[in-house]
Amino acid sequence: MKILICGSLAYDTIMVFPDQFKNHILADKIHKLSVAFLVPEMRREFGGTAGNIAYNLQLLEGQPQIMATTGDDFSPYESWLNQHHIDTQHIKTIAGTYTAQAFITTDMDDNQITAFHPGAMQYAHANSVNDAKDIALAIIAPDGRDAMFQHAKECHEAGIPFMFDPGQGLPMFNGEELMHFIEMADYLAVNDYESQVIQDKTGLSLEQLAAKVKALIVTLGSEGSHIYADGQRHDIPCVRADNVVDPTGCGDAYRAGLLYGIVRGWDWKACGRLASTMGAIKIASRGGQNHHPTRAEIENIYSHALVQDALKEDPSLGQPTH
């Protein structure tokens with residue numbers, strides 16, 4: 001049941017702007033934008049798609065293995081991963097580089113502006129999927145361009161089913177390249193905006209894209225998600241969060257839930273609800289890896305969500321019997 005997580009490890013410097021971007025960005029002046037945002041609140045977190053997904057999978061006891069490249073400054077992050085018993089054997093340090101760095105500013109509407117320095121991530125193709133053994137499922141998440149191509153090809157040739165999650169790496173690929181990924185992949189996961197970009201670049205509708213994979217997953221933020229599979233669309237509602245604090249890493253938490261369910265052969269409703277559960281748990285904490293639910297707590301939230309789904313489908317289930 002080992003799941004290989006190919007993607008980035010990064011330090012996230014997260015700043016909170018106590019206002020709305022739209023109040024300070026003038027649409028008619030966007031061609032010569034020069035804006036400064038005062039951010040009284042700032043913190044540094046462990047992040048990156050591979051790190052966030054693996055962290056959430058470990059909470060589920062899902063046996064993640066990270067495949068990534070890091071720089072000379074990786075030591076604090078490595079200690080964190082070891083502390084949480086996350087397999088690091090396929091993480092390679094590239095001498096003379098920095099670990100990837102993201103600088104994220106979030107406003108009061110949860111909009112984000114991000115600057116990203118790839119650093120060691122540009123050398124992620126130095127890792128090979130062929131070095132990982134007994135892998136049941138993989139995900140190709142945002143990483144170095146060459147590495148994403150290489151790792152997808154290696155998974156495909158080795159017969160390892162994988163999820164393609166282009167995410168922030170989407171602008172690196174044209175329509176033909178995206179189609180090449182999709183034709184190799186078993187699953188495609190994107191958010192609503194990314195789904196439109198892929199449609200525009202490939203010229204295919206969501207239904208046509210879904211026909212090329214076992215499942216197409218489109219997340220819709222607070223509106224839930226859609227899973228296109230088996231010729232139908234499964235509508236997955238959100239799980240209510242205890243508190244909405246920070247959206248950073250919610251998509252990665254969602255994908256961890258998906259991967260956990262897929263590798264165990266769950267149906268799509270169950271996979272989607274676990275994914276939504278993980279996203280709801282994460283959004284109540286700042287950063288991508290600061291939530292610490294026990295496995296039992298995750299199970300309770302997940303079970304409650306399934307009960308609520310059943311009641312919505314058949315309200316009579318909640319009526320007392322005589």
# chains A, B, ... in the order shown; residues from 1 in each chain; ligands from 1
>>> residues_around(residues="Asp267 in chain A", least_positions_apart="5", cutoff="12 Å", atoms="only C-alpha atoms", output="ChimeraX atom specification")
/A:215,227,229-230,234,258,260-262,272-274
>>> residues_around(residues="Pro171 in chain A", least_positions_apart="2", cutoff="10 Å", atoms="only C-alpha atoms", output="list in words")
Pro166, Gly167, Gln168, Gly169, Phe173, Asn174, Glu194, Val197, Ile198 and Lys201 of chain A
>>> write_last_selection(atoms="N, CA, C and O atoms", output="PDB file, in the first residue's frame")
ATOM      1  N   PRO A 166      -1.334  18.747 -11.961  1.00  0.00           N
ATOM      2  CA  PRO A 166      -0.427  19.783 -12.476  1.00  0.00           C
ATOM      3  C   PRO A 166      -0.323  21.014 -11.593  1.00  0.00           C
ATOM      4  O   PRO A 166       0.727  21.653 -11.528  1.00  0.00           O
ATOM      5  N   GLY A 167      -1.421  21.399 -10.925  1.00  0.00           N
ATOM      6  CA  GLY A 167      -1.402  22.511  -9.987  1.00  0.00           C
ATOM      7  C   GLY A 167      -0.702  23.745 -10.504  1.00  0.00           C
ATOM      8  O   GLY A 167      -0.917  24.186 -11.628  1.00  0.00           O
ATOM      9  N   GLN A 168       0.196  24.295  -9.671  1.00  0.00           N
ATOM     10  CA  GLN A 168       0.910  25.517 -10.039  1.00  0.00           C
ATOM     11  C   GLN A 168       1.865  25.306 -11.211  1.00  0.00           C
ATOM     12  O   GLN A 168       2.367  26.265 -11.788  1.00  0.00           O
ATOM     13  N   GLY A 169       2.133  24.042 -11.553  1.00  0.00           N
ATOM     14  CA  GLY A 169       3.007  23.767 -12.683  1.00  0.00           C
ATOM     15  C   GLY A 169       2.307  23.828 -14.029  1.00  0.00           C
ATOM     16  O   GLY A 169       2.949  23.705 -15.078  1.00  0.00           O
ATOM     17  N   PHE A 173       3.227  23.832 -19.324  1.00  0.00           N
ATOM     18  CA  PHE A 173       2.922  22.851 -20.357  1.00  0.00           C
ATOM     19  C   PHE A 173       1.890  23.370 -21.350  1.00  0.00           C
ATOM     20  O   PHE A 173       0.932  24.046 -20.973  1.00  0.00           O
ATOM     21  N   ASN A 174       2.109  23.038 -22.620  1.00  0.00           N
ATOM     22  CA  ASN A 174       1.120  23.391 -23.640  1.00  0.00           C
ATOM     23  C   ASN A 174       0.084  22.271 -23.750  1.00  0.00           C
ATOM     24  O   ASN A 174       0.164  21.247 -23.046  1.00  0.00           O
ATOM     25  N   GLU A 194      -7.985  25.601 -12.719  1.00  0.00           N
ATOM     26  CA  GLU A 194      -7.081  24.767 -13.511  1.00  0.00           C
ATOM     27  C   GLU A 194      -7.838  23.936 -14.540  1.00  0.00           C
ATOM     28  O   GLU A 194      -7.345  23.696 -15.647  1.00  0.00           O
ATOM     29  N   VAL A 197      -8.342  26.054 -17.532  1.00  0.00           N
ATOM     30  CA  VAL A 197      -7.091  26.236 -18.275  1.00  0.00           C
ATOM     31  C   VAL A 197      -6.795  24.995 -19.126  1.00  0.00           C
ATOM     32  O   VAL A 197      -6.428  25.099 -20.303  1.00  0.00           O
ATOM     33  N   ILE A 198      -6.979  23.821 -18.547  1.00  0.00           N
ATOM     34  CA  ILE A 198      -6.729  22.586 -19.289  1.00  0.00           C
ATOM     35  C   ILE A 198      -7.703  22.444 -20.453  1.00  0.00           C
ATOM     36  O   ILE A 198      -7.326  22.039 -21.557  1.00  0.00           O
ATOM     37  N   LYS A 201      -6.468  24.799 -23.144  1.00  0.00           N
ATOM     38  CA  LYS A 201      -5.223  24.385 -23.786  1.00  0.00           C
ATOM     39  C   LYS A 201      -5.388  23.131 -24.643  1.00  0.00           C
ATOM     40  O   LYS A 201      -4.704  22.980 -25.661  1.00  0.00           O
TER      41      LYS A 201
END
>>> closest_residue(among="A:Ala305, A:Ile14, A:Ile217, A:Ile140", to="Thr114 in chain A", atoms="only C-alpha atoms")
A:Ile14
>>> residues_around(residues="range 145-155 of chain A", least_positions_apart="2", cutoff="8 Å", atoms="only C-alpha atoms", output="PyMOL selection string")
chain A and resi 6+122-130+138+140-143+157-162+169+172+181+184-185
>>> write_last_selection(atoms="N, CA, C and O atoms", output="short mmCIF file (atom, residue, chain, number, x, y, z; two decimals), in the first residue's frame")
data_model
loop_
_atom_site.label_atom_id
_atom_site.label_comp_id
_atom_site.auth_asym_id
_atom_site.auth_seq_id
_atom_site.Cartn_x
_atom_site.Cartn_y
_atom_site.Cartn_z
N CYS A 6 5.53 12.26 -5.69
CA CYS A 6 6.52 13.01 -6.46
C CYS A 6 6.09 14.47 -6.52
O CYS A 6 5.02 14.79 -7.06
N GLN A 122 14.41 22.34 -9.28
CA GLN A 122 14.76 22.30 -10.71
C GLN A 122 15.58 21.07 -11.08
O GLN A 122 15.73 20.75 -12.26
N TYR A 123 16.11 20.40 -10.06
CA TYR A 123 16.93 19.21 -10.30
C TYR A 123 16.20 17.93 -9.88
O TYR A 123 16.85 16.89 -9.67
N ALA A 124 14.89 18.00 -9.78
CA ALA A 124 14.12 16.85 -9.30
C ALA A 124 14.22 15.64 -10.21
O ALA A 124 13.97 14.51 -9.80
N HIS A 125 14.62 15.88 -11.48
CA HIS A 125 14.79 14.75 -12.40
C HIS A 125 16.00 13.89 -12.03
O HIS A 125 16.21 12.82 -12.62
N ALA A 126 16.78 14.32 -11.03
CA ALA A 126 17.89 13.48 -10.55
C ALA A 126 17.37 12.25 -9.82
O ALA A 126 18.11 11.29 -9.61
N ASN A 127 16.10 12.28 -9.43
CA ASN A 127 15.44 11.13 -8.81
C ASN A 127 14.76 10.28 -9.87
O ASN A 127 14.27 10.81 -10.88
N SER A 128 14.69 8.98 -9.63
CA SER A 128 14.01 8.07 -10.56
C SER A 128 12.98 7.23 -9.82
O SER A 128 13.27 6.67 -8.75
N VAL A 129 11.79 7.14 -10.40
CA VAL A 129 10.74 6.29 -9.83
C VAL A 129 11.21 4.84 -9.74
O VAL A 129 10.80 4.08 -8.85
N ASN A 130 12.10 4.46 -10.63
CA ASN A 130 12.58 3.07 -10.65
C ASN A 130 13.36 2.69 -9.39
O ASN A 130 13.56 1.50 -9.13
N ALA A 138 0.91 6.27 -7.20
CA ALA A 138 1.77 7.46 -7.16
C ALA A 138 0.97 8.69 -7.52
O ALA A 138 -0.13 8.61 -8.07
N ILE A 140 1.89 12.53 -9.38
CA ILE A 140 2.84 13.47 -9.98
C ILE A 140 2.29 14.86 -9.70
O ILE A 140 1.38 15.34 -10.37
N ALA A 141 2.81 15.50 -8.66
CA ALA A 141 2.37 16.82 -8.23
C ALA A 141 3.36 17.86 -8.76
O ALA A 141 4.42 17.51 -9.29
N PRO A 142 3.05 19.16 -8.65
CA PRO A 142 3.95 20.20 -9.15
C PRO A 142 5.39 20.01 -8.68
O PRO A 142 5.66 19.83 -7.50
N ASP A 143 6.30 20.06 -9.64
CA ASP A 143 7.71 19.77 -9.40
C ASP A 143 8.50 20.41 -10.53
O ASP A 143 7.96 21.19 -11.32
N GLU A 157 5.54 3.34 -17.58
CA GLU A 157 6.29 2.19 -18.09
C GLU A 157 6.40 1.07 -17.07
O GLU A 157 6.48 -0.11 -17.43
N ALA A 158 6.39 1.43 -15.78
CA ALA A 158 6.49 0.43 -14.72
C ALA A 158 5.13 -0.15 -14.34
O ALA A 158 5.05 -1.05 -13.49
N GLY A 159 4.06 0.38 -14.95
CA GLY A 159 2.72 -0.10 -14.62
C GLY A 159 2.22 0.38 -13.27
O GLY A 159 1.33 -0.25 -12.68
N ILE A 160 2.78 1.49 -12.77
CA ILE A 160 2.32 2.06 -11.50
C ILE A 160 1.21 3.06 -11.79
O ILE A 160 1.45 4.07 -12.46
N PRO A 161 0.00 2.82 -11.32
CA PRO A 161 -1.07 3.80 -11.55
C PRO A 161 -0.73 5.12 -10.86
O PRO A 161 -0.17 5.12 -9.76
N PHE A 162 -1.04 6.24 -11.53
CA PHE A 162 -0.69 7.51 -10.91
C PHE A 162 -1.74 8.58 -11.19
O PHE A 162 -2.48 8.52 -12.17
N GLY A 169 2.13 24.04 -11.55
CA GLY A 169 3.01 23.77 -12.68
C GLY A 169 2.31 23.83 -14.03
O GLY A 169 2.95 23.71 -15.08
N MET A 172 3.57 25.61 -17.28
CA MET A 172 4.78 25.12 -17.94
C MET A 172 4.49 24.27 -19.16
O MET A 172 5.38 24.00 -19.96
N PHE A 181 0.55 13.79 -20.74
CA PHE A 181 0.42 13.42 -19.33
C PHE A 181 -0.89 12.66 -19.09
O PHE A 181 -0.92 11.61 -18.44
N MET A 184 -1.18 9.10 -20.17
CA MET A 184 -0.43 8.16 -19.34
C MET A 184 -1.08 7.95 -17.98
O MET A 184 -0.95 6.89 -17.37
N ALA A 185 -1.76 8.99 -17.49
CA ALA A 185 -2.27 8.97 -16.11
C ALA A 185 -3.52 8.11 -15.97
O ALA A 185 -4.26 7.86 -16.93
#
>>> residues_around(residues="range 292-304 of chain A", least_positions_apart="2", cutoff="8 Å", atoms="only C-alpha atoms", output="list in words")
Leu59, Leu60, Glu61, Arg273, Leu274, Thr277, Met278, Ile281, Asn290, Leu306, Val307 and Gln308 of chain A
>>> write_last_selection(atoms="N, CA and C atoms", output="short mmCIF file (atom, residue, chain, number, x, y, z; two decimals), in the first residue's frame")
data_model
loop_
_atom_site.label_atom_id
_atom_site.label_comp_id
_atom_site.auth_asym_id
_atom_site.auth_seq_id
_atom_site.Cartn_x
_atom_site.Cartn_y
_atom_site.Cartn_z
N LEU A 59 -1.03 11.04 8.59
CA LEU A 59 -2.09 11.13 9.58
C LEU A 59 -3.10 10.00 9.42
N LEU A 60 -3.28 9.57 8.17
CA LEU A 60 -4.20 8.47 7.87
C LEU A 60 -3.52 7.10 7.94
N GLU A 61 -2.24 7.10 8.27
CA GLU A 61 -1.43 5.87 8.30
C GLU A 61 -1.39 5.25 6.91
N ARG A 273 -15.54 11.96 0.12
CA ARG A 273 -15.88 12.42 1.47
C ARG A 273 -14.67 12.43 2.39
N LEU A 274 -13.80 11.42 2.25
CA LEU A 274 -12.57 11.43 3.05
C LEU A 274 -11.69 12.61 2.62
N THR A 277 -13.08 15.66 4.07
CA THR A 277 -12.82 15.65 5.51
C THR A 277 -11.42 16.16 5.80
N MET A 278 -10.44 15.68 5.04
CA MET A 278 -9.06 16.10 5.26
C MET A 278 -8.89 17.60 4.97
N ILE A 281 -10.41 19.58 7.92
CA ILE A 281 -9.53 19.55 9.09
C ILE A 281 -8.37 20.52 8.91
N ASN A 290 0.26 21.96 10.23
CA ASN A 290 0.13 22.27 11.66
C ASN A 290 -1.13 21.69 12.30
N LEU A 306 -20.59 11.21 6.44
CA LEU A 306 -21.35 10.22 5.68
C LEU A 306 -22.78 10.11 6.17
N VAL A 307 -22.96 10.21 7.49
CA VAL A 307 -24.32 10.18 8.05
C VAL A 307 -25.12 11.37 7.56
N GLN A 308 -24.50 12.55 7.55
CA GLN A 308 -25.19 13.74 7.08
C GLN A 308 -25.57 13.61 5.60
#
>>> residues_around(residues="range 78-84 of chain A", least_positions_apart="6", cutoff="12 Å", atoms="only C-alpha atoms", output="ChimeraX atom specification")
/A:9-11,45-47,50-52,54-59,61,63-66,68-72,91-93,99,289-290,292
>>> write_last_selection(atoms="N, CA and C atoms", output="compact mmCIF listing (two decimals), in the first residue's frame")
# COMPACT_ATOMS: atom_id res chain seq x y z
N LEU A 9 9.25 19.88 -2.05
CA LEU A 9 9.37 20.21 -0.63
C LEU A 9 9.79 21.67 -0.58
N ALA A 10 9.13 22.46 0.22
CA ALA A 10 9.41 23.90 0.21
C ALA A 10 9.17 24.50 1.59
N TYR A 11 9.86 25.59 1.81
CA TYR A 11 9.56 26.43 2.96
C TYR A 11 8.56 27.48 2.51
N GLU A 45 6.62 28.20 7.40
CA GLU A 45 6.06 26.87 7.58
C GLU A 45 6.76 25.86 6.69
N PHE A 46 6.62 24.60 7.04
CA PHE A 46 7.04 23.51 6.16
C PHE A 46 5.93 23.28 5.14
N GLY A 47 6.30 23.20 3.85
CA GLY A 47 5.27 23.04 2.83
C GLY A 47 5.80 22.34 1.60
N ALA A 50 4.59 17.83 -2.14
CA ALA A 50 4.93 16.49 -1.67
C ALA A 50 4.90 16.41 -0.15
N GLY A 51 5.45 17.43 0.50
CA GLY A 51 5.46 17.44 1.96
C GLY A 51 4.06 17.47 2.54
N ASN A 52 3.21 18.34 1.99
CA ASN A 52 1.84 18.46 2.52
C ASN A 52 1.03 17.19 2.29
N ALA A 54 2.14 14.12 1.81
CA ALA A 54 2.69 13.04 2.63
C ALA A 54 2.31 13.21 4.10
N TYR A 55 2.34 14.44 4.59
CA TYR A 55 1.98 14.69 5.99
C TYR A 55 0.54 14.23 6.27
N ASN A 56 -0.36 14.59 5.37
CA ASN A 56 -1.76 14.19 5.56
C ASN A 56 -1.97 12.69 5.40
N LEU A 57 -1.24 12.09 4.47
CA LEU A 57 -1.33 10.63 4.33
C LEU A 57 -0.81 9.92 5.57
N GLN A 58 0.23 10.47 6.17
CA GLN A 58 0.76 9.86 7.38
C GLN A 58 -0.25 9.94 8.52
N LEU A 59 -1.03 11.04 8.59
CA LEU A 59 -2.09 11.13 9.58
C LEU A 59 -3.10 10.00 9.42
N GLU A 61 -2.24 7.10 8.27
CA GLU A 61 -1.43 5.87 8.30
C GLU A 61 -1.39 5.25 6.91
N GLN A 63 1.19 5.22 4.55
CA GLN A 63 2.49 4.80 4.01
C GLN A 63 3.00 5.65 2.84
N PRO A 64 3.11 6.97 3.04
CA PRO A 64 3.65 7.82 1.96
C PRO A 64 5.17 7.70 1.85
N GLN A 65 5.67 7.81 0.63
CA GLN A 65 7.10 7.92 0.39
C GLN A 65 7.31 9.15 -0.49
N ILE A 66 8.08 10.11 0.01
CA ILE A 66 8.32 11.35 -0.72
C ILE A 66 9.48 11.16 -1.70
N ALA A 68 11.64 13.78 -3.86
CA ALA A 68 11.84 15.22 -4.07
C ALA A 68 13.31 15.55 -3.94
N THR A 69 13.66 16.78 -4.33
CA THR A 69 15.02 17.28 -4.16
C THR A 69 14.99 18.51 -3.27
N THR A 70 16.04 18.67 -2.45
CA THR A 70 16.11 19.76 -1.50
C THR A 70 17.51 20.38 -1.53
N GLY A 71 17.65 21.53 -0.85
CA GLY A 71 18.92 22.25 -0.83
C GLY A 71 19.68 22.09 0.47
N ASP A 72 20.73 22.90 0.60
CA ASP A 72 21.61 22.81 1.77
C ASP A 72 20.90 23.22 3.07
N ILE A 91 14.44 11.31 -0.91
CA ILE A 91 14.69 12.74 -0.94
C ILE A 91 16.19 12.96 -1.16
N LYS A 92 16.54 13.72 -2.19
CA LYS A 92 17.94 13.93 -2.54
C LYS A 92 18.31 15.41 -2.34
N THR A 93 19.42 15.67 -1.65
CA THR A 93 19.90 17.03 -1.45
C THR A 93 20.85 17.42 -2.57
N THR A 99 16.52 24.89 -0.72
CA THR A 99 15.24 24.20 -0.84
C THR A 99 14.24 25.20 -1.41
N GLN A 289 0.97 22.05 7.52
CA GLN A 289 1.27 20.85 8.31
C GLN A 289 1.20 21.12 9.81
N ASN A 290 0.26 21.96 10.23
CA ASN A 290 0.13 22.27 11.66
C ASN A 290 -1.13 21.69 12.30
N HIS A 292 -3.10 18.42 13.80
CA HIS A 292 -2.61 17.19 14.42
C HIS A 292 -3.76 16.29 14.89
>>> select_by_dssp(residues="range 172-322 of chain A", states="alpha helix (DSSP H)", output="PyMOL selection string")
chain A and resi 175-184+192-202+206-210+250-263+268-283+295-313
>>> write_last_selection(atoms="C-alpha atoms", output="PDB file, in the first residue's frame")
ATOM      1  CA  GLY A 175      -1.957  21.493 -24.746  1.00  0.00           C
ATOM      2  CA  GLU A 176      -0.063  18.701 -26.498  1.00  0.00           C
ATOM      3  CA  GLU A 177       2.143  18.131 -23.464  1.00  0.00           C
ATOM      4  CA  LEU A 178      -0.835  18.074 -21.121  1.00  0.00           C
ATOM      5  CA  MET A 179      -2.530  15.490 -23.330  1.00  0.00           C
ATOM      6  CA  HIS A 180       0.607  13.355 -23.136  1.00  0.00           C
ATOM      7  CA  PHE A 181       0.416  13.420 -19.328  1.00  0.00           C
ATOM      8  CA  ILE A 182      -3.316  12.685 -19.304  1.00  0.00           C
ATOM      9  CA  GLU A 183      -2.993   9.745 -21.689  1.00  0.00           C
ATOM     10  CA  MET A 184      -0.428   8.156 -19.344  1.00  0.00           C
ATOM     11  CA  ASP A 192     -11.943  24.757 -10.879  1.00  0.00           C
ATOM     12  CA  TYR A 193      -9.609  27.374 -12.381  1.00  0.00           C
ATOM     13  CA  GLU A 194      -7.081  24.767 -13.511  1.00  0.00           C
ATOM     14  CA  SER A 195      -9.839  22.707 -15.110  1.00  0.00           C
ATOM     15  CA  GLN A 196     -10.736  25.667 -17.327  1.00  0.00           C
ATOM     16  CA  VAL A 197      -7.091  26.236 -18.275  1.00  0.00           C
ATOM     17  CA  ILE A 198      -6.729  22.586 -19.289  1.00  0.00           C
ATOM     18  CA  GLN A 199      -9.930  22.761 -21.330  1.00  0.00           C
ATOM     19  CA  ASP A 200      -8.656  25.882 -23.094  1.00  0.00           C
ATOM     20  CA  LYS A 201      -5.223  24.385 -23.786  1.00  0.00           C
ATOM     21  CA  THR A 202      -6.415  20.956 -24.950  1.00  0.00           C
ATOM     22  CA  LEU A 206     -14.463  18.069 -18.901  1.00  0.00           C
ATOM     23  CA  GLU A 207     -16.472  15.079 -20.083  1.00  0.00           C
ATOM     24  CA  GLN A 208     -14.003  14.393 -22.883  1.00  0.00           C
ATOM     25  CA  LEU A 209     -11.054  14.695 -20.508  1.00  0.00           C
ATOM     26  CA  ALA A 210     -12.770  12.402 -18.009  1.00  0.00           C
ATOM     27  CA  CYS A 250      -6.137  22.343   1.643  1.00  0.00           C
ATOM     28  CA  GLY A 251      -5.865  20.973  -1.887  1.00  0.00           C
ATOM     29  CA  ASP A 252      -2.950  18.786  -0.816  1.00  0.00           C
ATOM     30  CA  ALA A 253      -4.908  17.483   2.177  1.00  0.00           C
ATOM     31  CA  TYR A 254      -7.814  16.713  -0.160  1.00  0.00           C
ATOM     32  CA  ARG A 255      -5.531  14.754  -2.485  1.00  0.00           C
ATOM     33  CA  ALA A 256      -4.158  12.729   0.425  1.00  0.00           C
ATOM     34  CA  GLY A 257      -7.693  11.599   1.214  1.00  0.00           C
ATOM     35  CA  LEU A 258      -8.266  10.674  -2.423  1.00  0.00           C
ATOM     36  CA  LEU A 259      -5.054   8.654  -2.641  1.00  0.00           C
ATOM     37  CA  TYR A 260      -5.845   6.810   0.582  1.00  0.00           C
ATOM     38  CA  GLY A 261      -9.285   5.794  -0.681  1.00  0.00           C
ATOM     39  CA  ILE A 262      -8.166   4.920  -4.207  1.00  0.00           C
ATOM     40  CA  VAL A 263      -5.387   2.578  -3.119  1.00  0.00           C
ATOM     41  CA  TRP A 268     -15.893   7.506  -5.369  1.00  0.00           C
ATOM     42  CA  LYS A 269     -18.363   8.856  -2.833  1.00  0.00           C
ATOM     43  CA  ALA A 270     -16.274   7.471   0.019  1.00  0.00           C
ATOM     44  CA  CYS A 271     -13.019   8.722  -1.530  1.00  0.00           C
ATOM     45  CA  GLY A 272     -14.494  12.177  -2.043  1.00  0.00           C
ATOM     46  CA  ARG A 273     -15.880  12.424   1.468  1.00  0.00           C
ATOM     47  CA  LEU A 274     -12.571  11.435   3.052  1.00  0.00           C
ATOM     48  CA  ALA A 275     -10.809  13.962   0.807  1.00  0.00           C
ATOM     49  CA  SER A 276     -13.262  16.684   1.880  1.00  0.00           C
ATOM     50  CA  THR A 277     -12.819  15.651   5.510  1.00  0.00           C
ATOM     51  CA  MET A 278      -9.055  16.104   5.265  1.00  0.00           C
ATOM     52  CA  GLY A 279      -9.503  19.513   3.630  1.00  0.00           C
ATOM     53  CA  ALA A 280     -11.915  20.640   6.351  1.00  0.00           C
ATOM     54  CA  ILE A 281      -9.532  19.551   9.095  1.00  0.00           C
ATOM     55  CA  LYS A 282      -6.609  21.366   7.462  1.00  0.00           C
ATOM     56  CA  ILE A 283      -8.398  24.674   6.840  1.00  0.00           C
ATOM     57  CA  ARG A 295      -6.661   8.749  13.309  1.00  0.00           C
ATOM     58  CA  ALA A 296      -9.727   8.230  15.533  1.00  0.00           C
ATOM     59  CA  GLU A 297     -10.673  11.920  15.286  1.00  0.00           C
ATOM     60  CA  ILE A 298     -10.447  11.782  11.482  1.00  0.00           C
ATOM     61  CA  GLU A 299     -12.642   8.689  11.442  1.00  0.00           C
ATOM     62  CA  ASN A 300     -15.265  10.387  13.625  1.00  0.00           C
ATOM     63  CA  ILE A 301     -15.471  13.465  11.392  1.00  0.00           C
ATOM     64  CA  TYR A 302     -15.586  11.292   8.266  1.00  0.00           C
ATOM     65  CA  SER A 303     -18.316   9.027   9.679  1.00  0.00           C
ATOM     66  CA  HIS A 304     -20.397  12.024  10.733  1.00  0.00           C
ATOM     67  CA  ALA A 305     -20.107  13.469   7.214  1.00  0.00           C
ATOM     68  CA  LEU A 306     -21.347  10.215   5.680  1.00  0.00           C
ATOM     69  CA  VAL A 307     -24.315  10.177   8.050  1.00  0.00           C
ATOM     70  CA  GLN A 308     -25.194  13.740   7.076  1.00  0.00           C
ATOM     71  CA  ASP A 309     -25.009  12.766   3.397  1.00  0.00           C
ATOM     72  CA  ALA A 310     -27.359   9.843   3.991  1.00  0.00           C
ATOM     73  CA  LEU A 311     -29.858  12.074   5.821  1.00  0.00           C
ATOM     74  CA  LYS A 312     -29.856  14.569   2.951  1.00  0.00           C
ATOM     75  CA  GLU A 313     -30.575  11.782   0.476  1.00  0.00           C
TER      76      GLU A 313
END
>>> closest_residue(among="A:Asp246, A:Asp12, A:Asp131, A:Asp110", to="Arg44 in chain A", atoms="only C-alpha atoms")
A:Asp12
>>> atom_distance(atom1="CA of Asp165 in chain A", atom2="CA of Ile139 in chain A")
7.1 Å
>>> atom_distance(atom1="CA of Thr13 in chain A", atom2="CA of Ala189 in chain A")
25.5 Å
>>> select_by_dssp(residues="range 59-290 of chain A", states="strand (DSSP E or B)", output="PyMOL selection string")
chain A and resi 64-70+87-93+100-106+112-117+135-140+162-164+187-191+215-219+225-229+232-236
>>> closest_residue(among="A:Leu170, A:Val244, A:Val39, A:Met67", to="Ile53 in chain A", atoms="only C-alpha atoms")
A:Met67
>>> atom_distance(atom1="CA of Ala102 in chain A", atom2="CA of Met163 in chain A")
23.4 Å
>>> decode(residues="range 255-266 of chain A", atoms="N, CA and C atoms", output="PDB file, in the first residue's frame")
ATOM      1  N   ARG A 255      -6.129  15.795  -1.641  1.00  0.00           N
ATOM      2  CA  ARG A 255      -5.531  14.754  -2.485  1.00  0.00           C
ATOM      3  C   ARG A 255      -5.040  13.568  -1.663  1.00  0.00           C
ATOM      4  N   ALA A 256      -4.568  13.834  -0.449  1.00  0.00           N
ATOM      5  CA  ALA A 256      -4.158  12.729   0.425  1.00  0.00           C
ATOM      6  C   ALA A 256      -5.340  11.810   0.721  1.00  0.00           C
ATOM      7  N   GLY A 257      -6.501  12.409   0.984  1.00  0.00           N
ATOM      8  CA  GLY A 257      -7.693  11.599   1.214  1.00  0.00           C
ATOM      9  C   GLY A 257      -8.071  10.779  -0.005  1.00  0.00           C
ATOM     10  N   LEU A 258      -7.976  11.395  -1.180  1.00  0.00           N
ATOM     11  CA  LEU A 258      -8.266  10.674  -2.423  1.00  0.00           C
ATOM     12  C   LEU A 258      -7.340   9.471  -2.592  1.00  0.00           C
ATOM     13  N   LEU A 259      -6.043   9.712  -2.444  1.00  0.00           N
ATOM     14  CA  LEU A 259      -5.054   8.654  -2.641  1.00  0.00           C
ATOM     15  C   LEU A 259      -5.287   7.500  -1.670  1.00  0.00           C
ATOM     16  N   TYR A 260      -5.603   7.841  -0.433  1.00  0.00           N
ATOM     17  CA  TYR A 260      -5.845   6.810   0.582  1.00  0.00           C
ATOM     18  C   TYR A 260      -7.032   5.929   0.176  1.00  0.00           C
ATOM     19  N   GLY A 261      -8.109   6.563  -0.281  1.00  0.00           N
ATOM     20  CA  GLY A 261      -9.285   5.794  -0.681  1.00  0.00           C
ATOM     21  C   GLY A 261      -9.069   4.996  -1.947  1.00  0.00           C
ATOM     22  N   ILE A 262      -8.390   5.597  -2.927  1.00  0.00           N
ATOM     23  CA  ILE A 262      -8.166   4.920  -4.207  1.00  0.00           C
ATOM     24  C   ILE A 262      -7.345   3.653  -4.025  1.00  0.00           C
ATOM     25  N   VAL A 263      -6.269   3.736  -3.261  1.00  0.00           N
ATOM     26  CA  VAL A 263      -5.387   2.578  -3.119  1.00  0.00           C
ATOM     27  C   VAL A 263      -6.084   1.435  -2.387  1.00  0.00           C
ATOM     28  N   ARG A 264      -7.160   1.757  -1.662  1.00  0.00           N
ATOM     29  CA  ARG A 264      -7.914   0.730  -0.949  1.00  0.00           C
ATOM     30  C   ARG A 264      -9.183   0.293  -1.694  1.00  0.00           C
ATOM     31  N   GLY A 265      -9.367   0.826  -2.890  1.00  0.00           N
ATOM     32  CA  GLY A 265     -10.479   0.386  -3.704  1.00  0.00           C
ATOM     33  C   GLY A 265     -11.835   0.906  -3.264  1.00  0.00           C
ATOM     34  N   TRP A 266     -11.882   2.032  -2.556  1.00  0.00           N
ATOM     35  CA  TRP A 266     -13.148   2.603  -2.121  1.00  0.00           C
ATOM     36  C   TRP A 266     -13.926   3.141  -3.313  1.00  0.00           C
TER      37      TRP A 266
END
